[in-house]
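Shown next: final.tsv, given as TSV, C-alpha atoms.
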```
chain	number	residue	atom	x	y	z
A	936	MET	CA	0.00	0.00	0.00
A	937	PRO	CA	1.39	3.43	-0.84
A	938	SER	CA	2.05	6.26	1.58
A	939	TYR	CA	1.95	9.86	0.43
A	940	LEU	CA	3.90	12.81	1.81
A	941	HIS	CA	2.89	16.15	0.28
A	942	PHE	CA	5.53	18.91	0.30
A	943	GLY	CA	4.81	22.61	0.54
A	944	GLU	CA	7.22	25.39	-0.29
A	945	ASP	CA	8.67	25.63	3.23
A	946	ASP	CA	9.20	21.87	3.56
A	947	PHE	CA	12.12	21.89	1.14
A	948	LEU	CA	14.01	24.11	3.59
A	949	ARG	CA	13.40	21.80	6.55
A	950	CYS	CA	14.64	18.45	5.26
A	951	ARG	CA	17.57	16.93	7.11
A	952	PHE	CA	19.50	13.68	7.57
A	953	ALA	CA	19.80	11.89	10.89
A	954	VAL	CA	21.33	8.76	12.41
A	955	SER	CA	19.57	7.11	15.36
A	956	PRO	CA	21.07	4.39	17.57
A	957	LEU	CA	17.66	4.04	19.27
A	958	TRP	CA	16.01	3.26	15.93
A	959	GLU	CA	18.61	0.60	15.18
A	960	THR	CA	18.08	-0.87	18.65
A	961	GLN	CA	14.37	-1.46	18.21
A	962	GLU	CA	14.92	-2.64	14.63
A	963	VAL	CA	17.31	-5.31	15.92
A	964	ALA	CA	14.37	-6.72	17.91
A	965	ARG	CA	12.19	-6.66	14.78
A	966	THR	CA	14.94	-8.37	12.76
A	967	LEU	CA	15.27	-11.16	15.35
A	968	LYS	CA	11.52	-11.75	14.99
A	969	ARG	CA	11.50	-11.78	11.17
A	970	PRO	CA	13.61	-14.36	9.27
A	971	ASP	CA	12.99	-12.49	6.00
A	972	ARG	CA	15.25	-9.75	7.34
A	973	HIS	CA	18.16	-12.03	8.21
A	974	GLY	CA	19.86	-12.15	4.77
A	975	TYR	CA	22.75	-9.69	4.98
A	976	HIS	CA	22.96	-10.01	8.78
A	977	THR	CA	23.32	-13.79	9.05
A	978	PRO	CA	27.01	-13.72	10.18
A	979	TRP	CA	26.21	-11.20	12.90
A	980	LEU	CA	23.06	-13.04	13.99
A	981	ARG	CA	25.07	-16.24	14.41
A	982	ARG	CA	27.60	-14.38	16.53
A	983	ILE	CA	25.04	-12.80	18.88
A	984	ARG	CA	22.61	-15.75	19.09
A	985	THR	CA	23.58	-16.81	22.61
A	986	ALA	CA	23.46	-13.24	23.94
A	987	ALA	CA	20.09	-12.62	22.28
A	988	GLU	CA	18.62	-15.66	24.05
A	989	THR	CA	19.21	-13.94	27.41
A	990	LEU	CA	16.75	-11.16	26.49
A	991	ASP	CA	12.97	-11.34	26.83
A	992	LEU	CA	11.64	-9.58	23.72
A	993	THR	CA	8.13	-11.01	23.73
A	994	GLY	CA	6.55	-7.82	25.08
A	995	LEU	CA	8.29	-5.60	22.56
A	996	TRP	CA	7.27	-7.96	19.76
A	997	LEU	CA	3.61	-7.36	20.67
A	998	LEU	CA	4.12	-3.79	19.41
A	999	MET	CA	5.70	-4.82	16.11
A	1000	PRO	CA	2.87	-5.97	13.83
A	1001	ARG	CA	3.90	-7.14	10.39
A	1002	ARG	CA	1.33	-4.75	8.96
A	1003	GLY	CA	0.02	-1.91	11.02
A	1004	HIS	CA	1.09	0.68	13.54
A	1005	SER	CA	4.18	0.63	15.75
A	1006	PRO	CA	4.16	3.15	18.63
A	1007	ASP	CA	5.78	6.44	17.71
A	1008	TRP	CA	6.53	7.28	21.36
A	1009	LEU	CA	8.77	4.22	21.66
A	1010	CYS	CA	11.20	5.43	19.00
A	1011	PRO	CA	10.60	9.05	17.97
A	1012	PRO	CA	12.73	10.65	15.23
A	1013	PRO	CA	16.01	12.03	16.60
A	1014	VAL	CA	16.12	15.78	17.19
A	1015	GLY	CA	19.71	16.10	15.91
A	1016	PRO	CA	21.82	14.63	13.12
A	1017	ALA	CA	23.83	12.27	15.34
A	1018	ALA	CA	21.91	11.43	18.50
A	1019	ASP	CA	23.39	9.65	21.50
A	1020	PHE	CA	21.58	6.48	22.61
A	1021	GLU	CA	21.30	7.54	26.25
A	1022	GLU	CA	19.85	10.91	25.23
A	1023	GLU	CA	17.31	9.26	22.96
A	1024	LEU	CA	16.35	6.73	25.64
A	1025	ALA	CA	15.91	9.51	28.21
A	1026	ALA	CA	13.36	11.14	25.89
A	1027	VAL	CA	11.45	7.84	25.65
A	1028	ARG	CA	11.58	7.43	29.42
A	1029	ALA	CA	10.05	10.91	29.77
A	1030	ALA	CA	7.11	10.12	27.44
A	1031	ASP	CA	3.68	11.33	28.52
A	1032	PRO	CA	1.95	8.21	29.96
A	1033	GLU	CA	-1.50	8.94	28.57
A	1034	ALA	CA	-0.21	9.73	25.09
A	1035	ALA	CA	1.92	6.58	25.22
A	1036	ARG	CA	-1.11	4.57	26.35
A	1037	ALA	CA	-3.24	5.71	23.39
A	1038	ASP	CA	-0.38	5.12	20.93
A	1039	THR	CA	0.25	1.65	22.38
A	1040	ALA	CA	-3.44	0.68	22.28
A	1041	ARG	CA	-3.49	1.49	18.56
A	1042	SER	CA	-0.47	-0.76	18.01
A	1043	LEU	CA	-1.77	-3.64	20.14
A	1044	ALA	CA	-4.97	-3.62	18.11
A	1045	ASP	CA	-2.94	-4.44	14.98
A	1046	THR	CA	-1.44	-7.62	16.49
A	1047	PRO	CA	-4.06	-10.39	16.82
A	1048	GLY	CA	-4.72	-11.15	20.48
A	1049	ALA	CA	-2.29	-8.55	21.84
A	1050	LEU	CA	-4.93	-6.10	23.05
A	1051	ASP	CA	-6.53	-8.74	25.30
A	1052	SER	CA	-3.29	-10.42	26.38
A	1053	PRO	CA	-2.30	-10.20	30.08
A	1054	ARG	CA	0.65	-8.00	29.25
A	1055	GLY	CA	-1.36	-5.74	26.94
A	1056	ARG	CA	-4.06	-5.24	29.55
A	1057	ALA	CA	-1.47	-4.56	32.27
A	1058	TRP	CA	0.28	-1.96	30.17
A	1059	LEU	CA	-2.90	-0.10	29.31
A	1060	ALA	CA	-3.95	-0.13	32.96
A	1061	ASP	CA	-0.57	1.24	34.10
A	1062	PRO	CA	1.20	3.13	31.28
A	1063	GLU	CA	3.94	4.38	33.61
A	1064	ARG	CA	4.91	0.78	34.31
A	1065	MET	CA	4.79	0.08	30.57
A	1066	ILE	CA	7.23	2.92	29.87
A	1067	ARG	CA	9.63	1.62	32.53
A	1068	GLU	CA	9.49	-1.94	31.24
A	1069	LEU	CA	9.93	-1.10	27.58
A	1070	THR	CA	12.77	1.36	28.11
A	1071	GLY	CA	14.46	-1.37	30.15
A	1072	VAL	CA	14.08	-3.81	27.26
A	1073	LEU	CA	15.54	-1.30	24.78
A	1074	GLU	CA	18.45	-0.59	27.12
A	1075	GLY	CA	19.14	-4.31	27.40
A	1076	ILE	CA	19.15	-4.77	23.62
A	1077	TRP	CA	21.51	-1.85	23.18
A	1078	HIS	CA	24.11	-2.91	25.75
A	1079	THR	CA	23.90	-6.66	25.05
A	1080	LEU	CA	23.71	-6.75	21.26
A	1081	LEU	CA	24.34	-3.42	19.59
A	1082	ALA	CA	26.79	-1.22	21.49
A	1083	PRO	CA	29.86	-3.44	20.80
A	1084	ASP	CA	29.29	-3.09	17.04
A	1085	TRP	CA	27.97	0.48	17.01
A	1086	PRO	CA	31.23	2.08	15.72
A	1087	ARG	CA	31.04	-0.13	12.62
A	1088	LEU	CA	27.32	0.56	12.13
A	1089	ARG	CA	27.70	4.28	12.71
A	1090	ALA	CA	30.51	4.45	10.16
A	1091	LEU	CA	28.31	2.87	7.50
A	1092	LEU	CA	25.34	5.12	8.32
A	1093	GLU	CA	27.50	8.25	8.28
A	1094	ALA	CA	28.97	7.21	4.92
A	1095	ASP	CA	25.43	6.90	3.57
A	1096	VAL	CA	24.54	10.37	4.83
A	1097	ALA	CA	27.70	11.80	3.26
A	1098	PHE	CA	26.94	10.18	-0.09
A	1099	HIS	CA	23.30	11.28	-0.21
A	1100	SER	CA	24.15	14.77	1.01
A	1101	ARG	CA	26.40	15.10	-2.04
A	1102	ARG	CA	23.65	13.81	-4.28
A	1103	LEU	CA	21.18	16.25	-2.74
A	1104	ALA	CA	23.52	19.11	-3.68
A	1105	GLU	CA	23.85	17.72	-7.21
A	1106	VAL	CA	20.28	16.75	-8.12
A	1107	GLY	CA	18.00	18.40	-5.52
A	1108	LEU	CA	15.41	16.75	-3.30
A	1109	GLY	CA	13.11	15.71	-6.15
A	1110	GLY	CA	15.99	13.93	-7.84
A	1111	LEU	CA	17.39	12.38	-4.67
A	1112	LEU	CA	14.29	10.77	-3.18
A	1113	PRO	CA	13.67	8.29	-6.04
A	1114	GLU	CA	17.38	7.39	-5.90
A	1115	ILE	CA	17.30	6.55	-2.20
A	1116	ASN	CA	15.23	3.44	-2.81
A	1117	ARG	CA	13.27	1.91	-5.68
A	1118	ARG	CA	10.11	2.03	-3.54
A	1119	CYS	CA	10.20	5.85	-3.53
A	1120	GLY	CA	8.62	7.96	-6.26
A	1121	TRP	CA	8.37	11.72	-6.74
A	1122	ARG	CA	5.84	13.69	-8.71
A	1123	ALA	CA	4.65	17.29	-8.46
A	1124	GLY	CA	5.83	17.80	-4.89
A	1125	THR	CA	4.53	14.49	-3.52
A	1126	LEU	CA	6.71	11.64	-2.27
A	1127	THR	CA	5.08	8.24	-2.78
A	1128	VAL	CA	6.45	5.31	-0.78
A	1129	GLU	CA	5.49	1.68	-1.36
A	1130	SER	CA	5.44	0.35	2.20
A	1131	ASN	CA	3.63	-2.04	4.53
A	1132	GLY	CA	1.20	0.60	5.79
A	1133	GLU	CA	-0.97	3.33	4.32
A	1134	HIS	CA	-0.19	6.87	5.42
A	1135	GLU	CA	-0.90	10.31	4.03
A	1136	ARG	CA	0.34	13.59	5.41
A	1137	HIS	CA	0.69	17.17	4.26
A	1138	LEU	CA	3.99	18.18	5.80
A	1139	GLY	CA	2.79	21.72	6.48
A	1140	GLY	CA	6.25	23.23	6.88
A	1141	ALA	CA	7.57	20.45	9.16
A	1142	GLY	CA	9.95	19.14	6.49
A	1143	LEU	CA	11.24	15.57	6.42
A	1144	VAL	CA	13.88	13.58	8.30
A	1145	LEU	CA	15.83	11.24	6.00
A	1146	MET	CA	17.25	8.40	8.10
A	1147	PRO	CA	19.37	5.52	6.77
A	1148	SER	CA	19.06	2.25	8.68
A	1149	VAL	CA	21.07	-0.94	8.86
A	1150	PHE	CA	18.43	-3.23	10.33
A	1151	SER	CA	15.32	-1.94	8.53
A	1152	TRP	CA	16.37	-3.72	5.33
A	1153	PRO	CA	14.54	-4.54	3.09
A	1154	ASP	CA	11.71	-2.28	4.31
A	1155	VAL	CA	11.21	1.43	3.73
A	1156	VAL	CA	9.32	3.12	6.58
A	1157	SER	CA	7.46	6.39	6.26
A	1158	GLY	CA	5.30	7.91	8.92
A	1159	PHE	CA	5.28	9.39	12.42
A	1160	ASP	CA	2.17	11.30	13.32
A	1161	PRO	CA	2.17	14.77	14.91
A	1162	PRO	CA	3.83	16.03	17.02
A	1163	TRP	CA	6.76	14.09	15.53
A	1164	GLN	CA	8.54	15.33	12.44
A	1165	PRO	CA	7.69	13.19	9.38
A	1166	THR	CA	10.45	10.68	8.70
A	1167	LEU	CA	11.56	8.42	5.87
A	1168	VAL	CA	13.67	5.45	6.99
A	1169	TYR	CA	15.45	3.58	4.20
A	1170	PRO	CA	18.08	0.79	3.98
A	1171	ALA	CA	21.60	2.21	4.11
A	1172	ARG	CA	24.02	1.74	1.24
A	1173	GLY	CA	26.75	-0.85	1.71
A	1174	ILE	CA	25.05	-3.28	4.11
A	1175	GLY	CA	26.01	-6.17	1.82
A	1176	GLY	CA	29.61	-5.90	3.02
A	1177	LEU	CA	28.88	-4.78	6.59
A	1178	TRP	CA	29.85	-8.02	8.33
A	1179	THR	CA	32.63	-8.95	5.91
A	1180	ASP	CA	36.23	-8.98	7.11
A	1181	THR	CA	37.62	-6.91	4.24
A	1182	THR	CA	41.23	-7.48	5.30
A	1183	ALA	CA	40.84	-11.26	5.29
A	1184	HIS	CA	39.23	-11.21	1.85
A	1185	SER	CA	41.63	-8.82	0.12
A	1186	PRO	CA	42.94	-10.49	-3.04
A	1187	GLU	CA	46.29	-12.04	-2.25
A	1188	ALA	CA	47.93	-10.33	-5.23
A	1189	LEU	CA	46.75	-6.99	-3.81
A	1190	VAL	CA	48.09	-7.92	-0.37
A	1191	ARG	CA	51.48	-8.76	-1.88
A	1192	LEU	CA	51.49	-5.47	-3.79
A	1193	LEU	CA	50.36	-3.12	-1.01
A	1194	GLY	CA	50.80	-5.02	2.23
A	1195	ARG	CA	47.91	-6.37	4.30
A	1196	GLY	CA	47.19	-3.11	6.11
A	1197	ARG	CA	46.92	-0.91	3.01
A	1198	ALA	CA	45.04	-3.61	1.09
A	1199	GLY	CA	42.56	-3.78	3.97
A	1200	VAL	CA	42.04	0.00	3.98
A	1201	LEU	CA	41.55	0.10	0.22
A	1202	GLY	CA	39.18	-2.86	0.35
A	1203	ALA	CA	37.12	-1.27	3.15
A	1204	LEU	CA	36.28	1.81	1.09
A	1205	ASP	CA	33.12	0.45	-0.51
A	1206	GLU	CA	31.64	3.78	0.61
A	1207	PRO	CA	33.39	7.13	1.16
A	1208	ALA	CA	34.63	7.19	4.76
A	1209	THR	CA	36.65	9.24	7.24
A	1210	THR	CA	39.85	8.13	8.92
A	1211	SER	CA	38.06	7.50	12.21
A	1212	ALA	CA	35.29	5.51	10.52
A	1213	LEU	CA	37.84	3.26	8.81
A	1214	ALA	CA	39.73	2.83	12.08
A	1215	HIS	CA	36.53	1.65	13.79
A	1216	ARG	CA	35.63	-0.60	10.89
A	1217	LEU	CA	39.02	-2.29	10.69
A	1218	GLY	CA	39.95	-2.26	14.37
A	1219	LEU	CA	43.15	-0.30	13.70
A	1220	ALA	CA	44.64	2.78	15.32
A	1221	PRO	CA	43.59	6.02	13.57
A	1222	SER	CA	47.27	6.95	13.15
A	1223	SER	CA	47.95	3.71	11.26
A	1224	VAL	CA	44.91	4.21	9.02
A	1225	SER	CA	45.94	7.82	8.36
A	1226	ALA	CA	49.40	6.69	7.26
A	1227	HIS	CA	47.93	4.05	4.93
A	1228	LEU	CA	45.50	6.58	3.45
A	1229	THR	CA	48.30	9.04	2.72
A	1230	VAL	CA	50.31	6.43	0.81
A	1231	LEU	CA	47.24	5.21	-1.10
A	1232	ARG	CA	46.23	8.76	-2.02
A	1233	ASP	CA	49.77	9.66	-3.13
A	1234	SER	CA	49.78	6.52	-5.28
A	1235	GLY	CA	46.61	7.60	-7.10
A	1236	LEU	CA	44.41	4.89	-5.59
A	1237	LEU	CA	42.32	7.26	-3.46
A	1238	VAL	CA	41.07	10.82	-3.51
A	1239	SER	CA	40.08	12.91	-0.51
A	1240	ARG	CA	37.40	15.57	-0.35
A	1241	ARG	CA	36.38	17.86	2.48
A	1242	TYR	CA	32.69	18.08	3.47
A	1243	GLY	CA	32.24	20.56	6.30
A	1244	HIS	CA	34.55	19.47	9.11
A	1245	GLN	CA	35.10	15.98	7.70
A	1246	VAL	CA	37.55	14.64	5.14
A	1247	LEU	CA	36.14	11.67	3.22
A	1248	TYR	CA	38.28	9.21	1.26
A	1249	GLU	CA	37.09	7.21	-1.72
A	1250	ARG	CA	38.68	5.03	-4.37
A	1251	THR	CA	39.75	6.33	-7.74
A	1252	PRO	CA	38.91	4.21	-10.84
A	1253	LEU	CA	42.39	2.68	-10.53
A	1254	GLY	CA	41.76	1.83	-6.89
A	1255	MET	CA	38.42	0.24	-7.81
A	1256	ALA	CA	40.07	-1.81	-10.55
A	1257	LEU	CA	42.76	-3.10	-8.20
A	1258	VAL	CA	40.23	-4.19	-5.58
A	1259	SER	CA	38.03	-5.92	-8.15
A	1260	GLY	CA	41.01	-7.56	-9.86
A	1261	ASP	CA	40.21	-5.84	-13.18
A	1262	ALA	CA	43.38	-3.75	-13.44
A	1263	GLN	CA	45.35	-4.44	-16.60
```

When written as structure tokens, how does the structure in this file appear?
Amino acid sequence: MPSYLHFGEDDFLRCRFAVSPLWETQEVARTLKRPDRHGYHTPWLRRIRTAAETLDLTGLWLLMPRRGHSPDWLCPPPVGPAADFEEELAAVRAADPEAARADTARSLADTPGALDSPRGRAWLADPERMIRELTGVLEGIWHTLLAPDWPRLRALLEADVAFHSRRLAEVGLGGLLPEINRRCGWRAGTLTVESNGEHERHLGGAGLVLMPSVFSWPDVVSGFDPPWQPTLVYPARGIGGLWTDTTAHSPEALVRLLGRGRAGVLGALDEPATTSALAHRLGLAPSSVSAHLTVLRDSGLLVSRRYGHQVLYERTPLGMALVSGDAQ
């Protein structure tokens, strides 16, 4: 079913990108529930299986219907471009109980049997308890499953934002939105999204948050009712190689030519990335990555470009050819 977001003149000035660790946290729970989402994440899911079994996610799963409404209060859009998990969780913990109750009742109604389940009835009778329990579940997911890998995830999400920010400058919002995902269409100031739910909203000057996600794949999510800012969540670029050890899989000829460290850095640049992002991704010291990047750039295998306060590195055509084994 399609969702429609209608843009007015002021909305073009209020579109922004954001990265949300809280969103990824609740999407991990949804991914664990849905085998159709496992694809790209199978290596990671194998690694965290034992830890995941220590968490009780059954209550949270009641609020994650396959088709229907998930509570906005439980994971509101981030207010800034790079939110901190603890800050986001504090906002959830401070949710208005009555508003959370109404939002939760709407979600429970979309999961067969959930509204009349013992847990559902208890939550609606005591929304303050519900808020405490669910924030505790989210905190457990974050610390047990996600926080150890967050530097790698954040690096990929930030690379996506950097790429699409460049495209926004090149082609404008109407050109960018259909590029973000094949489920998105743009015509005469209206964004159409093929998604699991039906939603229509005139943005009315609120603009749109564009939020890449690792664990939402393959879904595109559009929604959030007032007072939240409308948000489009889409699968981030590069998740196919997210759990791959790029150093281990560097072609041996490339390793012999460049050395394992430089081959690993070159191989890790499937997306433009900063020195710190590469250091997190590869588990190397930033100083070592910086030295490798300098040599690779001076050799014509990389280029660097400054975007605001960040310097992003990406492969040149020669660098791409060496990694793929197509260099002549």

Polymer residues at most 7 Å from segment 1073-1089 of chain A, all atoms listed in the file, same-chain spacing of 2 or more positions, as a PyMOL selection string: chain A and resi 960-961+983+986-987+1069-1071+1091-1093+1215-1216

Non-local contacts of Ala1094 of chain A (7 Å; only C-alpha atoms; under 6 positions in same chain excluded) as a ChimeraX atom specification: /A:1206-1208

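Residues in contact with segment 1007-1011 of chain A at up to 7 Å, not including ones fewer than 5 positions away on its chain and judged by only C-alpha atoms, are Leu957, Trp958, Val1027, Ala1030, Ala1035, Phe1159 and Trp1163 of chain A.
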
Would you save the residues from that selection as a PDB file, in the coordinates of the input, using C-alpha atoms?
```
ATOM      1  CA  LEU A 957      17.660   4.040  19.270  1.00  0.00           C
ATOM      2  CA  TRP A 958      16.010   3.260  15.930  1.00  0.00           C
ATOM      3  CA  VAL A1027      11.450   7.840  25.650  1.00  0.00           C
ATOM      4  CA  ALA A1030       7.110  10.120  27.440  1.00  0.00           C
ATOM      5  CA  ALA A1035       1.920   6.580  25.220  1.00  0.00           C
ATOM      6  CA  PHE A1159       5.280   9.390  12.420  1.00  0.00           C
ATOM      7  CA  TRP A1163       6.760  14.090  15.530  1.00  0.00           C
TER       8      TRP A1163
END
```

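Atom to atom, atom CA of Gly994 of chain A and atom CA of Arg1054 of chain A stand 7.2 Å apart.
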
Distance criterion (only C-alpha atoms): nearest to Ile1174 of chain A out of A:Pro1153, A:Gly1140, A:Pro1000, A:Pro1047: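 With only C-alpha atoms as the atom set, the closest residue is A:Pro1153.
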
Top pick for closest residue to Asn1116 of chain A, considering A:Val954, A:Val1149, A:Ala1171, A:Leu1228 and counting all atoms listed in the file: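 For Asn1116 of chain A, the nearest of the given residues is A:Ala1171.
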
Who sits within 9 Å of Ala1214 of chain A, all atoms listed in the file, same chain under 6 positions skipped, as an NGL selection string: :A and (1200 or 1220-1225)

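For the atom pair formed by atom CA of Glu1133 of chain A and atom CA of Glu1033 of chain A, the distance is 24.9 Å, given to one decimal.
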
d(atom CA of Gly1199 of chain A, atom CA of Ser1239 of chain A) in Å: 17.5 Å

Spatial neighbours of segment 1119-1129 of chain A, max dist 10 Å, all atoms listed in the file, sep filter under 4 positions, as a VMD selection string: chain A and resid 936 to 944 946 to 947 1108 to 1115 1133 to 1137 1154 to 1157 1167 1169

Distance criterion (all atoms listed in the file): nearest to Met1146 of chain A out of A:Pro1013, A:Ala1226, A:Ala1034, A:Pro1006: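 Selected residue with least distance to Met1146 of chain A: A:Pro1013.
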
Sphere at (5.2, 0.7, 33.5), radius 12 Å, counting all atoms listed in the file: residues as a ChimeraX atom specification: /A:1028-1033,1035-1036,1054-1072

Test item: which residues lie within 10 Å of (34.6, 13.4, 0.2) counting all atoms listed in the file, as number ranges by chain: A: 1094, 1097-1098, 1101, 1207-1209, 1238-1243, 1245-1249
